[in-house]
Each structure stands twice: as C-alpha cells, then as structure tokens.
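Asker: Please find one structure pasted underneath; my questions will follow.
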Amino acid sequence: METGKNVGKVITYGVVGAAIILIALTAFSTVENGHVGFRKTLGSVSLTVLEPGPHWKWPFISNIVEVNTQVAKSESDAAASSKDLQPVHSHVAVNFTIPKGLAYKLLHDVGLDFDAKVISPHVQEIFKEVTAKYSAEELISKRERVALETNELLKKSLEAYNIQVGDISIVNFTFSDAFNQSIEQKQIAAQNAMKAQNDLDKAKIDAQQNVVKAEADATAAKAKADADLYVAQQKAKGNLELAKSITAELVDYKFLETWKGDVPDAWGNGSLINMLPSKTPVPTEAAKK
C-alpha cells in the first residue's frame with residue numbers, strides 16, 4: 001500500500017511540475033528585433049508598446065502580436081488600360097515602413113493583414129488612375145515618370161493608414177500580342193528608314209568627294225598646262241633672242257674658227273657650194289688662168 005501511495009505521489013508531483021513548467025514557458029514570449037509587440041488578452045490589445053526581447057503574458061488567455069517596423073516590401077500584380085485603351089498588366093513592388101509610434105493604431109484600425117486589406121488595393125486603384133493618362137507607348141518610354149507619379153499618389157493615400165511609402169518599382173509592362181506586333185513592325189520600319197537615310201547620306205558624301213576630286217584634278221591639269229605653256233613661251237622667247245643675236249659676222253667667225261683651210265677641188269656656177277665666208281671673194285675663171 002505504501003509503495004502504491006508513493007508512486008501516486010510521484011506521478012502527481014510530476015504532473016504538477018510539468019504543468020508549472022508549461023505555464024512558465026507559456027507565460028513568456030519574445031519580440032524579435034526590428035519589430036514591436038503588443039499584449040493581446042482575450043481579444044483586447046494593450047496600448048503598451050513592447051520592445052524587442054522577452055515579455056511576460058498571461059498563460060493561455062493572452063499572446064503577444066508583433067508588427068514589423070523594418071523596411072518591408074509589398075508586391076502586387078496590377079491590371080489597367082492605357083489612354084489609347086490598350087490593356088496593360090504590370091508587377092508593382094512597394095517598399096514601406098510602419099513607424100513604431102503608429103503601429104498600435106494600424107493594428108487597431110486595420111489589423112496585421114494590412115498588406116492585403118490596404119496596400120494592394122490602393123496599388124491597383126492608383127495604377128489604373130495613372131496609366132489612364134498615358135498611351136501605351138508613353139508607358140514604355142516614360143516608365144520612370146509613371147512610377148514617380150504612382151509613388152506620390154500612393155504616399156498620400158497610405159498616410160491615412162499610418163503606412164509610410166518609401167519607393168516603388170514598376171517591374172514591367174505587358175501588352176497584348178497585337179500591340180507587341182505593331183511595336184515590332186514600327187521598330188523595323190524605323191530601322192529601315194534609318195538605313196535608307198544613312199545610304200542617302202553616304203551617296204551624298206560620295207558625290208561630294210567625287211566633285212572635290214574632279215575639281216582638284218581640273219586644277220592640277222590647268223596648273224600643268226599653264227606651266228607647260230610658260231616653259232614653251234620662255235623657250236620661244238629664248239630662241240627669238242638667239243636668232244636676233246646671230247649675224248653674218250658671227251657666222252663667218254664661227255666658220256673660220258672651225259675651218260681647216262680645205263677648199264673644193266672644182267667650182268661651178270650651177271653647182272658651186274660656197275664654203276667660204278660671205279666676204280671671201282670667189283675665184284673667177286681669169287684668176288685661175
């Protein structure tokens with residue numbers, strides 16, 4: 001009997017000890033870094049802000065809810081229509097923070113699922129509002145401007161819910177296949193037009209180069225002709241001066257200078273070759289006799 005009582009006491013003590021340990025473990029909870037906590041008891045949230053670290057709570061009837069105060073990201077798929085009624089889809093990422101001092105009000109007014117309840121619906125609404133101001137092509141070429149305008153409107157809209165928007169990113173724009181084909185065809189046409197313009201510019205440059213070359217060749221030919229004419233004129237002038245300087249006396253002098261005293265063996269009136277200077281008397285028949 002005593003043994004059975006001792007065993008019963010051990011079991012009782014064990015159960016009580018386990019219950020105490022369980023109660024002790026459930027009486028504390030930890031708030032993670034970058035978060036603030038609020039003690040929630042039977043559905044009522046306490047105003048006391050709990051900083052990161054361990055905190056006491058009533059076992060089984062209370063728990064600690066946490067709100068992230070670090071920079072967080074909300075991502076949404078948005079659909080809208082452009083100014084020219086082109087269907088457009090996009091993926092929008094929003095960076096936001098919850099200030100510590102405003103975390104309780106957000107938790108009280110909206111709840112922890114504020115992303116699904118507030119941020120995503122506002123992103124959808126504002127995206128439709130902004131894209132309706134731009135044509136499909138402008139949405140592509142002015143993406144930064146569209147993102148900036150969306151960001152400004154979203155900041156003002158979410159301030160009422162104590163959510164501070166940092167920046168947003170419009171990851172891409174997706175259009176219908178027909179629109180994508182029209183954009184591709186337009187790009188091809190633009191490339192062909194650019195190629196044609198480049199070919200025309202090249203043809204103009206080649207023509208201008210040919211004109212310059214032809215003018216240069218003509219100038220060179222004229223310069224050579226002028227030079228040849230000048231040389232010929234100078235040569236003719238020299239010949240004329242030389243001709244003027246040749247006199248009968250000079251011819252006789254040059255003849256005598258080179259003459260070795262030889263005379264012809266025969267003389268004749270019809271075949272006489274006068275090799276003597278112009279002033280040398282020609283022998284007569286009487287003189288020969």
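Each chain of the structure tokens is named A, B, ... in the order shown, its residues numbered from 1; ligands are numbered from 1 in display order.
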Enumerate as number ranges by chain all residues of stretch 17-128 of chain A assigned to strand (DSSP E) by DSSP on the backbone, naming them with the chain letters and numbers the document uses.

Answerer: A: 28-31, 35-41, 44-45, 53-56, 62-68, 72-81, 87-97

Asker: Within 9 Å of stretch 71-77 of chain A, counting only C-alpha atoms, which residues qualify if same-chain residues fewer than 2 places away don't, as a VMD selection string?

Answerer: chain A and resid 68 to 69 79 89 to 98 115 119 to 121 123 to 124 166

Asker: Pick out the closest residue to A:Lys133 from this set: A:Val212, A:Leu85, A:Leu42, A:Leu112. Count only C-alpha atoms.

Answerer: A:Leu85

Asker: Among stretch 74-144 of chain A, which ones does DSSP place in alpha helix (DSSP H), written as a PyMOL selection string?

Answerer: chain A and resi 100-109+114+120-131+136-141+143-144

Asker: What does the structure give for the distance between atom CA of A:Phe175 and atom CA of A:Met194, in Å to one decimal?

Answerer: 26.3 Å

Asker: Counting only C-alpha atoms, figure out which residue out of A:Phe173, A:Tyr104, A:Tyr230, A:Tyr134 gets nearest to A:Ser44.

Answerer: A:Tyr104

Asker: Which residue is closest to A:Lys156? Choose from A:Leu106, A:Ile126, A:Ile140, A:Ile61 and count only C-alpha atoms.

Answerer: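 Closest to A:Lys156, using only C-alpha atoms: A:Ile126.
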
Asker: Taking only C-alpha atoms into account, name the residue in A:Lys213, A:Val67, A:Lys155, A:Gly101 that is nearest to A:Asp113.

Answerer: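 Nearest candidate to A:Asp113 out of A:Lys213, A:Val67, A:Lys155, A:Gly101: A:Val67.
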
Asker: For A:Ile170, which residue among A:Val45, A:Ala207, A:Ala103, A:Val146 is the nearest when counting only C-alpha atoms?

Answerer: A:Val146

Asker: Here is a test: counting only C-alpha atoms, which residue of A:Val231, A:Ile11, A:Ile64, A:Val171 is nearest to A:Val31?

Answerer: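 Under the stated criterion, the closest residue is A:Ile64.
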
Asker: Could you check how far atom CA of A:Val130 sits from atom CA of A:Ala116, in Å to one decimal?

Answerer: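 Interatomic distance, atom CA of A:Val130 to atom CA of A:Ala116: 21.0 Å.
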
Asker: When you draw a straight line from atom CA of A:Arg143 to atom CA of A:Ala160, how long is it in Å?

Answerer: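 We find that atom CA of A:Arg143 and atom CA of A:Ala160 lie 26.7 Å from each other.
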
Asker: Near A:Lys40, counting only C-alpha atoms, which residues have an atom at most 10 Å away, once you skip same-chain residues fewer than 5 positions from it, shown as a list of chain:residue names?

Answerer: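 Neighbouring residues, sequence-local ones excluded: A:Val45, A:Ser46, A:Leu47, A:Lys57, A:Trp58, A:Ile61, A:Ser62, A:Asn63, A:Ile64, A:Val65.
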